file work.cif (mmCIF, C-alpha atoms)
data_run
#
loop_
_atom_site.label_atom_id
_atom_site.label_comp_id
_atom_site.auth_asym_id
_atom_site.auth_seq_id
_atom_site.Cartn_x
_atom_site.Cartn_y
_atom_site.Cartn_z
CA PRO A 96 19.63 63.53 207.30
CA ASN A 97 21.54 61.44 204.79
CA ASN A 98 21.75 57.88 206.14
CA LYS A 99 23.88 56.61 203.26
CA THR A 100 27.14 54.98 204.26
CA ASN A 101 29.84 52.86 202.67
CA ALA A 102 30.00 50.73 205.80
CA MET A 103 29.82 46.95 205.48
CA LEU A 104 28.25 46.33 208.89
CA ASP A 105 24.67 46.88 210.01
CA ILE A 106 24.49 49.65 212.60
CA ASN A 107 22.28 47.39 214.73
CA LEU A 108 25.40 45.35 215.52
CA PHE A 109 26.43 48.30 217.69
CA ARG A 110 23.10 48.82 219.50
CA THR A 111 23.21 46.90 222.74
CA ASP A 112 19.62 47.82 223.57
CA ARG A 113 18.61 45.71 220.57
CA GLY A 114 20.62 42.70 221.66
CA ALA A 115 23.96 43.50 220.04
CA ASP A 116 27.16 42.13 221.57
CA LEU A 117 29.96 44.62 221.02
CA GLU A 118 32.57 42.02 221.96
CA VAL A 119 31.75 40.10 218.77
CA VAL A 120 32.75 43.11 216.68
CA ARG A 121 35.76 43.86 218.89
CA ALA A 122 36.98 40.26 218.43
CA SER A 123 36.63 40.62 214.67
CA GLN A 124 38.69 43.80 214.75
CA ARG A 125 41.40 42.08 216.80
CA ALA A 126 41.44 39.24 214.28
CA ARG A 127 42.04 41.83 211.55
CA PHE A 128 44.78 43.47 213.64
CA ALA A 129 42.63 46.61 213.41
CA ASP A 130 41.66 49.23 215.97
CA GLU A 131 38.99 47.74 218.24
CA LYS A 132 38.42 51.14 219.89
CA LEU A 133 36.43 52.08 216.79
CA VAL A 134 33.68 49.73 217.97
CA ASP A 135 33.05 51.66 221.18
CA GLN A 136 33.39 54.98 219.35
CA VAL A 137 30.70 53.97 216.87
CA HIS A 138 28.49 52.74 219.72
CA GLU A 139 28.86 56.03 221.61
CA ILE A 140 28.31 58.37 218.68
CA ASP A 141 25.38 56.28 217.42
CA ASN A 142 23.69 56.81 220.78
CA GLN A 143 24.25 60.55 220.33
CA CYS A 144 22.77 60.32 216.82
CA ARG A 145 19.64 58.61 218.12
CA GLU A 146 19.24 61.16 220.90
CA ALA A 147 19.68 64.00 218.41
CA SER A 148 17.14 62.39 216.07
CA HIS A 149 14.62 62.13 218.91
CA ALA A 150 15.20 65.74 219.93
CA ARG A 151 14.79 66.94 216.35
CA GLY A 152 11.61 64.89 216.01
CA GLU A 153 10.12 66.39 219.18
CA LEU A 154 10.87 69.91 217.98
CA SER A 155 9.29 69.12 214.62
CA LYS A 156 6.14 67.92 216.38
CA GLN A 157 5.96 71.15 218.38
CA PHE A 158 6.52 73.18 215.20
CA ASN A 159 3.77 71.35 213.32
CA ALA A 160 1.36 71.64 216.25
CA LEU A 161 2.01 75.38 216.53
CA ASN A 162 1.44 75.92 212.82
CA LYS A 163 -1.82 74.01 213.08
CA GLU A 164 -2.83 76.27 215.97
CA ILE A 165 -1.98 79.35 213.86
CA ALA A 166 -4.12 78.03 211.02
CA ASN A 167 -7.08 77.52 213.36
CA LEU A 168 -6.68 81.00 214.84
CA ARG A 169 -6.64 82.53 211.39
CA LYS A 170 -9.83 80.70 210.51
CA ALA A 171 -11.38 82.20 213.63
CA LYS A 172 -10.01 85.62 212.51
CA GLN A 173 -7.92 85.98 215.65
CA ASP A 174 -4.56 87.65 216.02
CA THR A 175 -1.59 85.27 215.50
CA THR A 176 1.30 87.70 215.91
CA HIS A 177 2.60 86.05 219.07
CA GLN A 178 2.26 82.53 217.68
CA GLN A 179 3.99 83.51 214.43
CA GLY A 180 6.94 84.83 216.40
CA LEU A 181 7.13 81.55 218.29
CA SER A 182 6.88 79.65 215.02
CA LYS A 183 9.84 81.48 213.49
CA GLU A 184 11.97 80.82 216.55
CA LEU A 185 10.90 77.17 216.66
CA LYS A 186 11.72 76.76 212.98
CA LYS A 187 15.27 77.95 213.64
CA ARG A 188 15.58 75.41 216.46
CA VAL A 189 14.34 72.61 214.19
CA GLU A 190 16.87 73.57 211.50
CA HIS A 191 19.68 73.75 214.05
CA ALA A 192 18.72 70.35 215.46
CA ALA A 193 18.64 68.85 211.97
CA ARG A 194 22.12 70.16 211.20
CA HIS A 195 23.43 68.80 214.49
CA GLU A 196 21.90 65.41 213.77
CA ALA A 197 23.39 65.38 210.26
CA GLU A 198 26.86 66.22 211.60
CA LEU A 199 26.69 63.40 214.14
CA LEU A 200 25.45 60.98 211.50
CA GLU A 201 28.28 61.90 209.14
CA ALA A 202 30.83 61.42 211.92
CA ARG A 203 29.29 58.05 212.88
CA ASN A 204 29.29 56.79 209.30
CA ALA A 205 32.90 57.88 208.83
CA LEU A 206 33.92 55.70 211.78
CA LEU A 207 31.61 52.83 210.80
CA SER A 208 33.10 52.67 207.29
CA GLN A 209 36.50 51.88 208.83
CA ILE A 210 35.24 48.61 210.34
CA GLY A 211 35.31 45.57 208.06
CA ASN A 212 32.99 42.59 207.84
CA LEU A 213 32.94 40.21 210.79
CA ILE A 214 35.67 37.58 210.67
CA HIS A 215 34.27 34.05 210.75
CA ALA A 216 35.25 32.03 213.81
CA GLY A 217 36.93 29.41 211.62
CA VAL A 218 39.32 31.83 209.94
CA PRO A 219 42.94 31.39 211.17
CA VAL A 220 44.33 34.55 212.75
CA HIS A 221 47.85 35.59 211.86
CA SER A 222 49.59 38.77 210.76
CA SER A 223 50.98 37.11 207.63
CA GLU A 224 49.26 35.31 204.76
CA ASP A 225 52.11 32.78 204.85
CA HIS A 226 50.23 31.07 207.68
CA ASN A 227 46.92 30.72 205.82
CA GLU A 228 45.44 27.25 206.09
CA VAL A 229 44.63 25.19 203.00
CA ALA A 230 40.86 24.63 202.96
CA TYR A 231 40.92 22.06 200.16
CA VAL A 232 42.89 21.09 197.06
CA SER A 233 41.01 20.61 193.81
CA ASP A 234 41.80 17.42 191.93
CA LEU A 235 39.80 18.34 188.86
CA PRO A 236 41.89 17.75 185.72
CA ARG A 237 42.67 20.67 183.42
CA ARG A 238 42.28 18.41 180.39
CA GLY A 239 45.85 18.99 179.27
CA LEU A 240 45.64 22.77 179.21
CA ASP A 241 48.75 24.75 180.02
CA ASP A 242 48.54 27.96 182.05
CA GLU A 243 49.04 30.00 178.89
CA ASP A 244 45.96 28.36 177.35
CA LEU A 245 43.70 29.28 180.25
CA ARG A 246 41.47 32.29 179.56
CA SER A 247 40.30 35.04 181.89
CA HIS A 248 36.63 35.92 182.30
CA PRO A 249 36.92 39.05 180.07
CA ASP A 250 38.61 36.97 177.36
CA LEU A 251 35.95 34.26 177.54
CA THR A 252 33.03 36.70 177.41
CA HIS A 253 34.60 38.37 174.36
CA MET A 254 35.33 35.07 172.61
CA LEU A 255 31.80 33.78 173.21
CA GLY A 256 30.20 37.06 172.17
CA PHE A 257 28.60 37.50 175.60
CA ALA A 258 29.69 41.11 175.99
CA ASP A 259 30.96 44.16 174.15
CA LEU A 260 33.79 45.42 176.33
CA GLU A 261 35.01 48.15 174.01
CA ALA A 262 31.62 49.85 173.73
CA GLY A 263 31.15 49.58 177.49
CA ALA A 264 34.52 51.16 178.17
CA ALA A 265 33.72 53.99 175.77
CA VAL A 266 30.59 55.04 177.66
CA SER A 267 31.40 54.24 181.29
CA GLY A 268 35.12 53.60 181.74
CA THR A 269 37.52 50.69 181.57
CA ARG A 270 35.31 48.29 183.54
CA GLY A 271 32.12 49.04 181.64
CA TYR A 272 30.49 46.46 179.36
CA PHE A 273 27.35 45.74 177.37
CA LEU A 274 26.00 42.22 177.88
CA LEU A 275 24.87 40.54 174.65
CA HIS A 276 22.96 37.43 173.58
CA GLU A 277 23.40 34.53 176.03
CA GLY A 278 25.36 36.84 178.31
CA VAL A 279 22.13 38.67 179.13
CA LEU A 280 20.29 35.39 179.70
CA LEU A 281 23.07 34.07 181.93
CA ASN A 282 23.05 37.26 184.01
CA GLN A 283 19.27 37.12 184.44
CA ALA A 284 19.48 33.43 185.37
CA LEU A 285 22.04 34.20 188.09
CA ILE A 286 19.84 37.00 189.45
CA SER A 287 16.81 34.68 189.44
CA TYR A 288 18.78 31.96 191.19
CA GLY A 289 20.01 34.41 193.85
CA LEU A 290 16.48 35.65 194.52
CA HIS A 291 15.09 32.12 194.73
CA PHE A 292 17.94 31.04 197.03
CA LEU A 293 17.33 33.92 199.45
CA CYS A 294 13.52 33.67 199.35
CA GLN A 295 13.77 30.03 200.44
CA ARG A 296 15.67 31.26 203.49
CA GLY A 297 13.08 33.78 204.58
CA PHE A 298 14.34 36.92 202.88
CA GLN A 299 11.81 39.24 201.25
CA PRO A 300 12.57 40.58 197.77
CA VAL A 301 11.95 44.29 197.23
CA GLN A 302 12.03 46.23 193.97
CA THR A 303 12.55 49.93 194.48
CA PRO A 304 11.04 52.69 192.33
CA TYR A 305 13.13 54.17 189.55
CA TRP A 306 14.28 57.77 189.88
CA LEU A 307 15.25 59.60 186.71
CA GLN A 308 16.60 63.09 186.18
CA ARG A 309 14.05 65.06 184.20
CA ASP A 310 16.55 66.73 181.86
CA VAL A 311 18.11 63.35 180.97
CA MET A 312 14.74 61.65 180.51
CA ALA A 313 13.59 64.50 178.26
CA GLN A 314 16.30 63.57 175.77
CA CYS A 315 14.73 60.19 175.04
CA ALA A 316 11.01 60.70 175.73
CA GLN A 317 8.35 63.41 175.49
CA LEU A 318 7.48 64.58 178.96
CA SER A 319 4.22 66.20 179.97
CA PRO A 320 4.54 69.84 181.03
#
call {"tool": "encode", "arguments": {"input": "work.cif", "output": "structure tokens"}}
result
Amino acid sequence: PNNKTNAMLDINLFRTDRGADLEVVRASQRARFADEKLVDQVHEIDNQCREASHARGELSKQFNALNKEIANLRKAKQDTTHQQGLSKELKKRVEHAARHEAELLEARNALLSQIGNLIHAGVPVHSSEDHNEVAYVSDLPRRGLDDEDLRSHPDLTHMLGFADLEAGAAVSGTRGYFLLHEGVLLNQALISYGLHFLCQRGFQPVQTPYWLQRDVMAQCAQLSP
């Protein structure tokens, strides 16, 4: 089943058997003036997903064991007609269980994606932004610059030659860009800093394998047959 989701929250925050406190998520939803019933709905359907996953796994074990038995019987030149019939029926049950699990997972992820990140305890709760608290006021001087002289990040990257925005937009849309010169070095430095920062706090860096479509790769490299 496809476990991909656009949700911001880890599903383990909804699994009470792993120490999760659902009230923490409910409180966050209340602070957002959002539907807190979603929390219990995700919890319930996730339990169904896990049960369905277990059931599908058990059927798969039975299916694999039966096919192994068939292979051994064939080696012994014995009749496998009965076992093959059972195997076909068991395969259908495995496929049905997998579809059921996938449907539950899709429904769970659809609900989970509606729940936002947890609200920090220090965030003031109000239905209007007019009541936001001022965290701090910067007293750094602007060195005599007027608002009209202040530049946006896209303007600065273009002026400094850090990026080619026009070429990026041409190949991937309005927000695309090609980093150039020191822009590349700055980006790599930020990535390196982020990795170092997280590693010092016990996180483990992981680099995933690259997956390329064969027909696209064939346009820029000679592939073995």
call {"tool": "atom_distance", "arguments": {"input": "work.cif", "atom1": "atom CA of Asp141 of chain A", "atom2": "atom CA of Leu200 of chain A"}}
result
7.6 Å
call {"tool": "residues_around", "arguments": {"input": "work.cif", "residues": "Ala192 of chain A", "least_positions_apart": "6", "cutoff": "8 Å", "atoms": "only C-alpha atoms", "output": "ChimeraX atom specification"}}
result
/A:147,150-151
call {"tool": "resolve_selection", "arguments": {"input": "work.cif", "expression": "the PyMOL selection byres ((chain A and resi 106) around 10)", "output": "ChimeraX atom specification"}}
result
/A:102-105,107-110,115,137-138,141,203-204,207
call {"tool": "residues_around", "arguments": {"input": "work.cif", "residues": "His177 of chain A", "least_positions_apart": "2", "cutoff": "12 Å", "atoms": "all atoms listed in the file", "output": "PyMOL selection string"}}
result
chain A and resi 161-162+164-165+168+173-175+179-184
call {"tool": "closest_residue", "arguments": {"input": "work.cif", "among": "A:Ala193, A:Val266, A:Leu245, A:Ile140", "to": "Ala205 of chain A", "atoms": "all atoms listed in the file"}}
result
A:Ile140
call {"tool": "closest_residue", "arguments": {"input": "work.cif", "among": "A:Asp112, A:Glu118, A:Glu131, A:Glu146", "to": "Glu196 of chain A", "atoms": "only C-alpha atoms"}}
result
A:Glu146
call {"tool": "resolve_selection", "arguments": {"input": "work.cif", "expression": "the PyMOL selection byres ((chain A and resi 123) around 12)", "output": "PDB file with C-alpha atoms, in the coordinates of the input"}}
result
ATOM      1  CA  LEU A 104      28.250  46.330 208.890  1.00  0.00           C
ATOM      2  CA  ASP A 116      27.160  42.130 221.570  1.00  0.00           C
ATOM      3  CA  LEU A 117      29.960  44.620 221.020  1.00  0.00           C
ATOM      4  CA  GLU A 118      32.570  42.020 221.960  1.00  0.00           C
ATOM      5  CA  VAL A 119      31.750  40.100 218.770  1.00  0.00           C
ATOM      6  CA  VAL A 120      32.750  43.110 216.680  1.00  0.00           C
ATOM      7  CA  ARG A 121      35.760  43.860 218.890  1.00  0.00           C
ATOM      8  CA  ALA A 122      36.980  40.260 218.430  1.00  0.00           C
ATOM      9  CA  GLN A 124      38.690  43.800 214.750  1.00  0.00           C
ATOM     10  CA  ARG A 125      41.400  42.080 216.800  1.00  0.00           C
ATOM     11  CA  ALA A 126      41.440  39.240 214.280  1.00  0.00           C
ATOM     12  CA  ARG A 127      42.040  41.830 211.550  1.00  0.00           C
ATOM     13  CA  PHE A 128      44.780  43.470 213.640  1.00  0.00           C
ATOM     14  CA  ALA A 129      42.630  46.610 213.410  1.00  0.00           C
ATOM     15  CA  ASP A 130      41.660  49.230 215.970  1.00  0.00           C
ATOM     16  CA  GLU A 131      38.990  47.740 218.240  1.00  0.00           C
ATOM     17  CA  LYS A 132      38.420  51.140 219.890  1.00  0.00           C
ATOM     18  CA  LEU A 133      36.430  52.080 216.790  1.00  0.00           C
ATOM     19  CA  VAL A 134      33.680  49.730 217.970  1.00  0.00           C
ATOM     20  CA  ILE A 210      35.240  48.610 210.340  1.00  0.00           C
ATOM     21  CA  GLY A 211      35.310  45.570 208.060  1.00  0.00           C
ATOM     22  CA  ASN A 212      32.990  42.590 207.840  1.00  0.00           C
ATOM     23  CA  LEU A 213      32.940  40.210 210.790  1.00  0.00           C
ATOM     24  CA  ILE A 214      35.670  37.580 210.670  1.00  0.00           C
ATOM     25  CA  HIS A 215      34.270  34.050 210.750  1.00  0.00           C
ATOM     26  CA  ALA A 216      35.250  32.030 213.810  1.00  0.00           C
ATOM     27  CA  GLY A 217      36.930  29.410 211.620  1.00  0.00           C
ATOM     28  CA  VAL A 218      39.320  31.830 209.940  1.00  0.00           C
ATOM     29  CA  PRO A 219      42.940  31.390 211.170  1.00  0.00           C
ATOM     30  CA  VAL A 220      44.330  34.550 212.750  1.00  0.00           C
TER      31      VAL A 220
END
call {"tool": "resolve_selection", "arguments": {"input": "work.cif", "expression": "the PyMOL selection byres ((chain A and resi 158) around 8)", "output": "PDB file with C-alpha atoms, in the coordinates of the input"}}
result
ATOM      1  CA  LEU A 154      10.870  69.910 217.980  1.00  0.00           C
ATOM      2  CA  SER A 155       9.290  69.120 214.620  1.00  0.00           C
ATOM      3  CA  LYS A 156       6.140  67.920 216.380  1.00  0.00           C
ATOM      4  CA  GLN A 157       5.960  71.150 218.380  1.00  0.00           C
ATOM      5  CA  ASN A 159       3.770  71.350 213.320  1.00  0.00           C
ATOM      6  CA  ALA A 160       1.360  71.640 216.250  1.00  0.00           C
ATOM      7  CA  LEU A 161       2.010  75.380 216.530  1.00  0.00           C
ATOM      8  CA  ASN A 162       1.440  75.920 212.820  1.00  0.00           C
ATOM      9  CA  SER A 182       6.880  79.650 215.020  1.00  0.00           C
ATOM     10  CA  LEU A 185      10.900  77.170 216.660  1.00  0.00           C
ATOM     11  CA  LYS A 186      11.720  76.760 212.980  1.00  0.00           C
ATOM     12  CA  VAL A 189      14.340  72.610 214.190  1.00  0.00           C
TER      13      VAL A 189
END
call {"tool": "atom_distance", "arguments": {"input": "work.cif", "atom1": "atom CA of Leu285 of chain A", "atom2": "atom CA of Met312 of chain A"}}
result
29.4 Å
call {"tool": "residues_around", "arguments": {"input": "work.cif", "residues": "segment 249-264 of chain A", "least_positions_apart": "2", "cutoff": "9 Å", "atoms": "all atoms listed in the file", "output": "ChimeraX atom specification"}}
result
/A:246-247,266-279
call {"tool": "closest_residue", "arguments": {"input": "work.cif", "among": "A:Cys144, A:Asp135, A:Leu280, A:Phe292", "to": "Arg194 of chain A", "atoms": "all atoms listed in the file"}}
result
A:Cys144
call {"tool": "atom_distance", "arguments": {"input": "work.cif", "atom1": "atom CA of Thr176 of chain A", "atom2": "atom CA of His195 of chain A"}}
result
29.1 Å
call {"tool": "closest_residue", "arguments": {"input": "work.cif", "among": "A:Gln209, A:Gly152, A:Gln178, A:Thr111", "to": "Glu190 of chain A", "atoms": "all atoms listed in the file"}}
result
A:Gly152
call {"tool": "closest_residue", "arguments": {"input": "work.cif", "among": "A:Cys315, A:Glu224, A:Glu139, A:Val229", "to": "Leu206 of chain A", "atoms": "only C-alpha atoms"}}
result
A:Glu139
call {"tool": "build_atoms", "arguments": {"input": "work.cif", "residues": "segment 105-116 of chain A", "atoms": "N, CA, C and O atoms", "output": "mmCIF file, in the coordinates of the input"}}
result
data_model
loop_
_atom_site.group_PDB
_atom_site.id
_atom_site.type_symbol
_atom_site.label_atom_id
_atom_site.label_comp_id
_atom_site.auth_asym_id
_atom_site.auth_seq_id
_atom_site.Cartn_x
_atom_site.Cartn_y
_atom_site.Cartn_z
ATOM 1 N N ASP A 105 25.950 46.313 209.601
ATOM 2 C CA ASP A 105 24.670 46.880 210.010
ATOM 3 C C ASP A 105 24.867 47.621 211.323
ATOM 4 O O ASP A 105 25.484 47.118 212.260
ATOM 5 N N ILE A 106 24.322 48.837 211.391
ATOM 6 C CA ILE A 106 24.490 49.650 212.600
ATOM 7 C C ILE A 106 23.865 48.970 213.813
ATOM 8 O O ILE A 106 24.273 49.215 214.959
ATOM 9 N N ASN A 107 22.909 48.074 213.598
ATOM 10 C CA ASN A 107 22.280 47.390 214.730
ATOM 11 C C ASN A 107 23.246 46.465 215.466
ATOM 12 O O ASN A 107 22.977 46.065 216.608
ATOM 13 N N LEU A 108 24.385 46.137 214.841
ATOM 14 C CA LEU A 108 25.400 45.350 215.520
ATOM 15 C C LEU A 108 26.084 46.134 216.626
ATOM 16 O O LEU A 108 26.827 45.554 217.435
ATOM 17 N N PHE A 109 25.810 47.440 216.683
ATOM 18 C CA PHE A 109 26.430 48.300 217.690
ATOM 19 C C PHE A 109 25.397 48.813 218.702
ATOM 20 O O PHE A 109 25.735 49.632 219.551
ATOM 21 N N ARG A 110 24.159 48.339 218.619
ATOM 22 C CA ARG A 110 23.100 48.820 219.500
ATOM 23 C C ARG A 110 22.768 47.747 220.525
ATOM 24 O O ARG A 110 22.016 46.803 220.257
ATOM 25 N N THR A 111 23.363 47.905 221.688
ATOM 26 C CA THR A 111 23.210 46.900 222.740
ATOM 27 C C THR A 111 21.784 46.797 223.241
ATOM 28 O O THR A 111 21.368 45.748 223.742
ATOM 29 N N ASP A 112 21.003 47.883 223.128
ATOM 30 C CA ASP A 112 19.620 47.820 223.570
ATOM 31 C C ASP A 112 18.762 46.973 222.645
ATOM 32 O O ASP A 112 17.621 46.663 222.971
ATOM 33 N N ARG A 113 19.315 46.599 221.497
ATOM 34 C CA ARG A 113 18.610 45.710 220.570
ATOM 35 C C ARG A 113 19.263 44.333 220.525
ATOM 36 O O ARG A 113 19.075 43.578 219.569
ATOM 37 N N GLY A 114 20.045 44.030 221.546
ATOM 38 C CA GLY A 114 20.620 42.700 221.660
ATOM 39 C C GLY A 114 22.010 42.528 221.087
ATOM 40 O O GLY A 114 22.534 41.413 221.050
ATOM 41 N N ALA A 115 22.626 43.603 220.636
ATOM 42 C CA ALA A 115 23.960 43.500 220.040
ATOM 43 C C ALA A 115 25.010 43.198 221.101
ATOM 44 O O ALA A 115 24.917 43.660 222.238
ATOM 45 N N ASP A 116 26.014 42.431 220.701
ATOM 46 C CA ASP A 116 27.160 42.130 221.570
ATOM 47 C C ASP A 116 28.385 42.788 220.962
ATOM 48 O O ASP A 116 28.936 42.308 219.960
#
